[in-house]
$ cat run_25.txt   # compact mmCIF, C-alpha atoms
# COMPACT_ATOMS: atom_id res chain seq x y z
CA MET A 1 -66.53 -27.40 -105.50
CA PRO A 2 -66.92 -30.50 -103.31
CA ASP A 3 -70.00 -32.57 -103.67
CA ALA A 4 -70.84 -32.50 -99.98
CA ASP A 5 -73.58 -30.96 -97.91
CA THR A 6 -75.15 -28.05 -99.80
CA ASN A 7 -76.19 -26.50 -96.52
CA ALA A 8 -72.56 -26.19 -95.61
CA ALA A 9 -71.57 -22.63 -94.85
CA LEU A 10 -68.74 -21.39 -97.00
CA GLU A 11 -66.28 -18.77 -96.04
CA ILE A 12 -65.19 -16.94 -99.15
CA ASP A 13 -62.16 -14.70 -99.32
CA THR A 14 -63.60 -11.86 -101.33
CA ARG A 15 -61.82 -8.66 -102.19
CA PHE A 16 -64.09 -6.98 -99.64
CA GLY A 17 -62.95 -9.27 -96.83
CA LYS A 18 -64.11 -12.68 -95.64
CA CYS A 19 -67.77 -13.28 -96.36
CA ALA A 20 -70.16 -16.14 -95.71
CA ALA A 21 -72.47 -17.93 -98.08
CA LEU A 22 -74.22 -21.27 -98.27
CA ALA A 23 -72.78 -23.85 -100.67
CA ALA A 24 -76.24 -24.16 -102.20
CA ASP A 25 -76.63 -20.46 -102.86
CA VAL A 26 -75.25 -20.36 -106.37
CA VAL A 27 -77.21 -18.07 -108.66
CA VAL A 28 -77.06 -18.79 -112.38
CA LEU A 29 -77.24 -15.98 -114.89
CA PRO A 30 -77.72 -17.97 -118.11
CA GLU A 31 -76.43 -15.09 -120.24
CA GLY A 32 -73.84 -13.85 -117.78
CA MET A 33 -73.57 -10.07 -117.56
CA PRO A 34 -72.62 -7.60 -120.30
CA GLY A 35 -68.83 -7.61 -120.39
CA PHE A 36 -68.67 -10.90 -118.42
CA GLU A 37 -70.75 -13.17 -120.59
CA ARG A 38 -68.80 -16.33 -119.75
CA CYS A 39 -69.36 -16.01 -116.02
CA ARG A 40 -72.69 -17.70 -115.41
CA ARG A 41 -72.48 -18.75 -111.78
CA PHE A 42 -72.30 -16.39 -108.82
CA VAL A 43 -72.38 -16.73 -105.05
CA LEU A 44 -74.07 -14.02 -103.03
CA ALA A 45 -71.86 -13.56 -100.02
CA SER A 46 -72.31 -11.34 -97.01
CA SER A 47 -70.62 -10.25 -93.82
CA PRO A 48 -71.55 -7.93 -90.97
CA ASP A 49 -68.61 -5.72 -92.01
CA ILE A 50 -70.04 -4.94 -95.43
CA ALA A 51 -73.78 -4.99 -94.67
CA PRO A 52 -76.03 -3.60 -96.20
CA PHE A 53 -73.84 -4.40 -99.21
CA THR A 54 -73.62 -7.92 -100.58
CA CYS A 55 -70.71 -9.36 -102.50
CA VAL A 56 -71.67 -10.86 -105.87
CA HIS A 57 -68.82 -13.28 -106.33
CA GLY A 58 -68.34 -14.84 -109.78
CA LEU A 59 -67.32 -18.51 -109.89
CA ASP A 60 -66.51 -18.76 -113.60
CA GLU A 61 -63.70 -17.05 -115.48
CA PRO A 62 -62.77 -14.27 -115.28
CA ARG A 63 -64.25 -14.55 -111.76
CA PRO A 64 -65.40 -10.96 -111.41
CA SER A 65 -66.60 -9.81 -108.04
CA PHE A 66 -68.87 -6.93 -107.36
CA LEU A 67 -70.24 -5.00 -104.45
CA ALA A 68 -74.00 -4.71 -104.66
CA ILE A 69 -76.93 -3.26 -102.78
CA ASP A 70 -80.69 -3.62 -103.01
CA PRO A 71 -81.82 -0.60 -105.12
CA HIS A 72 -84.96 -0.32 -102.96
CA LEU A 73 -82.68 0.70 -100.07
CA VAL A 74 -81.22 3.49 -102.16
CA VAL A 75 -84.29 5.23 -103.58
CA ASP A 76 -87.82 5.27 -102.31
CA GLY A 77 -90.30 3.71 -104.65
CA TYR A 78 -87.68 2.08 -106.85
CA ALA A 79 -89.47 0.18 -109.60
CA SER A 80 -87.99 -1.65 -112.55
CA PRO A 81 -90.82 -3.65 -114.06
CA LEU A 82 -89.83 -6.74 -116.01
CA ASP A 83 -91.30 -7.41 -119.42
CA PRO A 84 -92.79 -10.85 -120.23
CA VAL A 85 -89.62 -12.02 -121.97
CA GLN A 86 -87.45 -11.13 -118.95
CA ARG A 87 -89.92 -12.85 -116.65
CA GLN A 88 -89.79 -15.94 -118.80
CA ARG A 89 -86.01 -15.93 -118.83
CA ILE A 90 -85.88 -16.24 -115.05
CA ASP A 91 -89.04 -18.36 -114.81
CA VAL A 92 -91.12 -15.86 -112.89
CA SER A 93 -94.86 -16.36 -112.71
CA GLY A 94 -97.39 -14.28 -110.89
CA ASP A 95 -96.32 -12.12 -108.02
CA GLU A 96 -93.50 -14.09 -106.56
CA PRO A 97 -90.86 -12.17 -104.61
CA LEU A 98 -87.63 -11.34 -106.45
CA LEU A 99 -84.21 -10.35 -105.23
CA TRP A 100 -82.80 -7.12 -106.67
CA LEU A 101 -79.16 -6.12 -106.54
CA SER A 102 -77.56 -3.06 -108.10
CA LEU A 103 -73.82 -2.97 -108.64
CA VAL A 104 -71.76 -0.40 -106.76
CA HIS A 105 -68.77 1.51 -108.05
CA THR A 106 -66.36 2.97 -105.51
CA ASP A 107 -63.80 5.64 -106.13
CA GLY A 108 -61.86 7.24 -103.32
CA ASP A 109 -64.45 8.89 -101.17
CA ARG A 110 -67.44 8.32 -103.41
CA ALA A 111 -69.68 5.43 -104.24
CA THR A 112 -72.30 5.24 -106.95
CA VAL A 113 -74.84 2.57 -107.67
CA ASN A 114 -76.08 1.37 -111.06
CA LEU A 115 -79.84 1.73 -110.70
CA ARG A 116 -80.39 1.50 -114.44
CA ALA A 117 -79.17 -2.05 -114.91
CA PRO A 118 -79.90 -4.03 -111.74
CA LEU A 119 -79.48 -7.76 -111.32
CA VAL A 120 -82.82 -9.43 -110.73
CA ILE A 121 -82.90 -12.92 -109.29
CA ASN A 122 -85.69 -15.45 -108.90
CA PRO A 123 -84.78 -17.01 -105.54
CA ARG A 124 -87.03 -20.03 -106.05
CA ARG A 125 -85.08 -21.07 -109.15
CA MET A 126 -81.79 -19.29 -108.37
CA LEU A 127 -81.94 -17.83 -111.87
CA GLY A 128 -81.09 -14.25 -112.65
CA LEU A 129 -80.39 -11.68 -115.31
CA GLN A 130 -79.07 -8.15 -115.55
CA VAL A 131 -81.71 -5.72 -116.81
CA VAL A 132 -80.54 -4.02 -120.02
CA ALA A 133 -83.35 -1.67 -120.99
CA ALA A 134 -83.56 0.86 -123.79
CA GLN A 135 -85.15 3.38 -121.47
CA SER A 136 -84.91 3.85 -117.75
CA ALA A 137 -85.91 6.45 -115.20
CA TYR A 138 -82.66 5.75 -113.38
CA PRO A 139 -78.96 6.47 -113.98
CA LEU A 140 -75.97 4.14 -114.22
CA ASP A 141 -74.31 6.10 -111.43
CA HIS A 142 -76.66 7.25 -108.70
CA PRO A 143 -74.64 8.61 -105.76
CA LEU A 144 -74.77 6.66 -102.52
CA PRO A 145 -75.33 8.73 -99.37
CA ILE A 146 -72.15 7.72 -97.62
CA ASP A 147 -71.12 11.04 -96.13
CA MET B 1 -68.68 -9.93 -140.25
CA LEU B 2 -71.15 -11.38 -142.75
CA VAL B 3 -72.66 -8.60 -144.86
CA PHE B 4 -76.06 -8.81 -146.53
CA THR B 5 -78.14 -6.33 -148.43
CA ARG B 6 -81.81 -6.81 -147.63
CA LYS B 7 -84.83 -5.10 -149.09
CA LEU B 8 -88.01 -4.28 -147.21
CA ASP B 9 -89.63 -7.45 -145.78
CA GLU B 10 -86.55 -9.55 -146.42
CA ALA B 11 -84.95 -11.40 -143.51
CA ILE B 12 -81.82 -13.12 -142.22
CA MET B 13 -81.83 -16.36 -140.24
CA ILE B 14 -79.27 -17.15 -137.59
CA GLY B 15 -79.00 -20.71 -136.30
CA ASP B 16 -82.37 -22.37 -136.37
CA GLY B 17 -84.37 -20.06 -134.17
CA ILE B 18 -83.35 -16.48 -134.81
CA GLU B 19 -84.63 -14.23 -137.54
CA ILE B 20 -84.00 -10.57 -138.28
CA ARG B 21 -86.41 -8.95 -140.70
CA VAL B 22 -86.48 -5.50 -142.29
CA LEU B 23 -89.90 -4.06 -141.41
CA ARG B 24 -89.54 -0.50 -142.60
CA ILE B 25 -86.93 1.68 -144.21
CA GLY B 26 -87.32 5.37 -143.44
CA ARG B 27 -85.64 8.67 -142.75
CA ASP B 28 -85.21 7.98 -139.06
CA GLY B 29 -83.58 4.62 -139.64
CA VAL B 30 -84.33 1.04 -140.51
CA ARG B 31 -86.95 -0.72 -138.41
CA LEU B 32 -85.89 -4.31 -137.70
CA GLY B 33 -87.95 -7.09 -136.22
CA VAL B 34 -86.09 -9.78 -134.28
CA THR B 35 -87.56 -13.20 -133.55
CA ALA B 36 -85.57 -15.22 -131.04
CA PRO B 37 -86.23 -17.75 -128.27
CA ALA B 38 -86.87 -16.06 -124.91
CA GLU B 39 -83.64 -17.37 -123.42
CA ILE B 40 -81.59 -15.44 -125.96
CA ALA B 41 -81.27 -11.80 -124.96
CA VAL B 42 -81.53 -9.19 -127.70
CA HIS B 43 -80.21 -5.69 -127.04
CA ARG B 44 -79.47 -2.41 -128.74
CA ARG B 45 -75.71 -2.42 -129.09
CA GLU B 46 -75.03 0.95 -127.53
CA ILE B 47 -77.09 0.17 -124.42
CA TYR B 48 -75.32 -3.15 -124.04
CA ASP B 49 -71.95 -1.39 -124.34
CA MET B 50 -72.95 1.17 -121.72
CA VAL B 51 -73.89 -1.52 -119.22
CA SER B 52 -70.77 -3.48 -120.11
CA ALA B 53 -68.58 -0.46 -119.34
CA ALA B 54 -70.41 0.17 -116.06
CA ASN B 55 -69.93 -3.48 -115.08
CA ALA B 56 -66.22 -3.40 -115.90
CA SER B 57 -65.84 -0.29 -113.80
CA ALA B 58 -67.71 -1.87 -110.87
CA ALA B 59 -65.65 -5.07 -111.13
CA SER B 60 -62.40 -3.16 -110.85
CA SER B 61 -63.46 -0.54 -108.38
CA ASP B 62 -61.61 0.09 -105.17
CA ALA B 63 -62.38 -2.37 -102.36
CA GLN B 64 -60.44 -0.47 -99.73
CA PRO B 65 -63.11 2.00 -98.54
CA VAL B 66 -66.00 -0.49 -98.64
CA GLN B 67 -66.19 -1.34 -94.95
CA LYS B 68 -66.10 2.36 -94.10
CA PHE B 69 -68.92 3.11 -96.57
CA ALA B 70 -70.95 0.19 -95.21
CA ALA B 71 -70.58 1.48 -91.68
CA ARG B 72 -71.82 4.92 -92.76
CA LEU B 73 -74.85 3.42 -94.45
CA ARG B 74 -75.67 1.44 -91.30
CA VAL B 75 -75.41 4.57 -89.17
CA ARG B 76 -77.73 6.40 -91.54
CA ALA B 77 -80.26 3.57 -91.51
CA ALA B 78 -80.26 3.53 -87.72
CA ARG B 79 -81.11 7.21 -87.40
CA PRO B 80 -84.71 7.85 -86.42
CA THR B 81 -86.66 9.22 -89.40
CA PRO B 82 -87.79 12.81 -88.97
CA GLU B 83 -91.50 13.34 -88.12
$ encode --input "run_25.txt" --output "structure tokens"
Amino acid sequence: MPDADTNAALEIDTRFGKCAALAADVVVLPEGMPGFERCRRFVLASSPDIAPFTCVHGLDEPRPSFLAIDPHLVVDGYASPLDPVQRQRIDVSGDEPLLWLSLVHTDGDRATVNLRAPLVINPRRMLGLQVVAAQSAYPLDHPLPID
Amino acid sequence: MLVFTRKLDEAIMIGDGIEIRVLRIGRDGVRLGVTAPAEIAVHRREIYDMVSAANASAASSDAQPVQKFAARLRVRAARPTPE
């Protein structure tokens, strides 16, 4: 990517249509995601056509792209507390606000959202991880109310 | 795969910062303790595989209906909430 102005708006051709992001808004997942461990850098891209979804657009091979949605929009009282090791991995201290995105799977007329393994991002450091917990109150495939 | 036989309290070292130690051997399995730097994630294999499969499925899922689904979610969000 060019070295220029990091406030430059980018238009990205995602598989969900054209979306906008800022050049500076690259989130790093130091361990990638399960199944896509080599992809560390992602852009969070949005457009009015896909809101409230966001496109999580991978920049490293194999350049996966995902539809995502804030899990708090999907279930009331969604809570996925981070343990101290997870907090340390994304440099979270105290009560700072975090960005949560759960990946969406679409299939014909249905969509489900992975509430069990959300992405959690520290916006101050643009560092994130995907929660992989032994236990969870939530499923991998919670139905989205799209009917 | 490197294969080791370890007795209770014996350990394996990986690199210079990771250690796996046998803490207890019992009927319900072998209890292992893992010491690793915080930036190295440690997971139960089957959970990791489950999330990996879910991610693969999300990465290849159909983009065609997305704008339609998004529109329906926006309509829903705009409805006044019942008293």
$ atom_distance --input "run_25.txt" --atom1 "CA of Ile90 (chain A)" --atom2 "CA of Gly32 (chain A)"
12.6 Å
$ closest_atom_pairs --input "run_25.txt" --of "chain A" --to "chain B" --cutoff "7 Å" --atoms "only C-alpha atoms" --output "Markdown table"
| residue | atom | partner | partner_atom | distance |
| --- | --- | --- | --- | --- |
| A:Arg15 | CA | B:Ala63 | CA | 6.3 |
| A:Phe16 | CA | B:Ala63 | CA | 5.6 |
| A:Pro34 | CA | B:Ser52 | CA | 4.5 |
| A:Gly35 | CA | B:Ser52 | CA | 4.6 |
| A:Asp49 | CA | B:Gln67 | CA | 5.8 |
| A:Ile50 | CA | B:Ala70 | CA | 5.2 |
| A:Ala51 | CA | B:Ala70 | CA | 5.9 |
| A:Pro52 | CA | B:Ala70 | CA | 6.4 |
| A:Phe53 | CA | B:Ala70 | CA | 6.7 |
| A:Pro64 | CA | B:Ala59 | CA | 5.9 |
| A:Ser65 | CA | B:Ala59 | CA | 5.7 |
| A:Phe66 | CA | B:Ala59 | CA | 5.3 |
| A:Val85 | CA | B:Ala38 | CA | 5.7 |
| A:Gln88 | CA | B:Ala38 | CA | 6.8 |
| A:Arg89 | CA | B:Glu39 | CA | 5.4 |
| A:Leu103 | CA | B:Ala58 | CA | 6.6 |
| A:Val104 | CA | B:Ala58 | CA | 6.0 |
| A:His105 | CA | B:Ala58 | CA | 4.5 |
| A:Thr106 | CA | B:Ser61 | CA | 5.4 |
| A:Asp107 | CA | B:Asp62 | CA | 6.0 |
| A:Ala117 | CA | B:Val51 | CA | 6.8 |
| A:Val132 | CA | B:Tyr48 | CA | 6.6 |
| A:Ala134 | CA | B:Ile47 | CA | 6.5 |
| A:Ile146 | CA | B:Arg72 | CA | 5.6 |
$ atom_distance --input "run_25.txt" --atom1 "CA of Pro81 (chain A)" --atom2 "CA of Glu31 (chain A)"
19.4 Å
$ closest_residue --input "run_25.txt" --among "A:His72, A:Arg63, A:Arg110, A:Arg125" --to "Val27 (chain A)" --atoms "all atoms listed in the file"
A:Arg125
$ closest_residue --input "run_25.txt" --among "A:Met126, A:Ala111, A:Gln135, A:Pro118" --to "Val43 (chain A)" --atoms "all atoms listed in the file"
A:Met126
$ residues_around --input "run_25.txt" --residues "Ala11 (chain B)" --least-positions-apart "6" --cutoff "7 Å" --atoms "only C-alpha atoms" --output "PyMOL selection string"
chain B and resi 19-22
$ write_last_selection --input "run_25.txt" --atoms "C-alpha atoms" --output "PDB file, in the coordinates of the input"
ATOM      1  CA  GLU B  19     -84.630 -14.230-137.540  1.00  0.00           C
ATOM      2  CA  ILE B  20     -84.000 -10.570-138.280  1.00  0.00           C
ATOM      3  CA  ARG B  21     -86.410  -8.950-140.700  1.00  0.00           C
ATOM      4  CA  VAL B  22     -86.480  -5.500-142.290  1.00  0.00           C
TER       5      VAL B  22
END
$ residues_around --input "run_25.txt" --residues "region 2-9 of chain B" --least-positions-apart "3" --cutoff "12 Å" --atoms "all atoms listed in the file" --output "list in words"
Ile12, Met13, Ile14, Glu19, Ile20, Arg21, Val22, Leu23, Arg24, Ile25, Gly26, Val30, Arg31, Leu32 and Gly33 of chain B
$ residues_around --input "run_25.txt" --residues "Asp91 (chain A)" --least-positions-apart "5" --cutoff "12 Å" --atoms "only C-alpha atoms" --output "PyMOL selection string"
(chain A and resi 30+82+84-86+96+98+120-129) or (chain B and resi 38-39)
$ write_last_selection --input "run_25.txt" --atoms "C-alpha atoms" --output "mmCIF file, in the frame of the given file"
data_model
loop_
_atom_site.group_PDB
_atom_site.id
_atom_site.type_symbol
_atom_site.label_atom_id
_atom_site.label_comp_id
_atom_site.auth_asym_id
_atom_site.auth_seq_id
_atom_site.Cartn_x
_atom_site.Cartn_y
_atom_site.Cartn_z
ATOM 1 C CA PRO A 30 -77.720 -17.970 -118.110
ATOM 2 C CA LEU A 82 -89.830 -6.740 -116.010
ATOM 3 C CA PRO A 84 -92.790 -10.850 -120.230
ATOM 4 C CA VAL A 85 -89.620 -12.020 -121.970
ATOM 5 C CA GLN A 86 -87.450 -11.130 -118.950
ATOM 6 C CA GLU A 96 -93.500 -14.090 -106.560
ATOM 7 C CA LEU A 98 -87.630 -11.340 -106.450
ATOM 8 C CA VAL A 120 -82.820 -9.430 -110.730
ATOM 9 C CA ILE A 121 -82.900 -12.920 -109.290
ATOM 10 C CA ASN A 122 -85.690 -15.450 -108.900
ATOM 11 C CA PRO A 123 -84.780 -17.010 -105.540
ATOM 12 C CA ARG A 124 -87.030 -20.030 -106.050
ATOM 13 C CA ARG A 125 -85.080 -21.070 -109.150
ATOM 14 C CA MET A 126 -81.790 -19.290 -108.370
ATOM 15 C CA LEU A 127 -81.940 -17.830 -111.870
ATOM 16 C CA GLY A 128 -81.090 -14.250 -112.650
ATOM 17 C CA LEU A 129 -80.390 -11.680 -115.310
ATOM 18 C CA ALA B 38 -86.870 -16.060 -124.910
ATOM 19 C CA GLU B 39 -83.640 -17.370 -123.420
#
$ atom_distance --input "run_25.txt" --atom1 "CA of Ile69 (chain A)" --atom2 "CA of Gly94 (chain A)"
24.6 Å
$ residues_near_point --input "run_25.txt" --point "(-83.6, -20.9, -133.3)" --cutoff "7 Å" --atoms "only C-alpha atoms" --output "PyMOL selection string"
chain B and resi 15-18+36-37
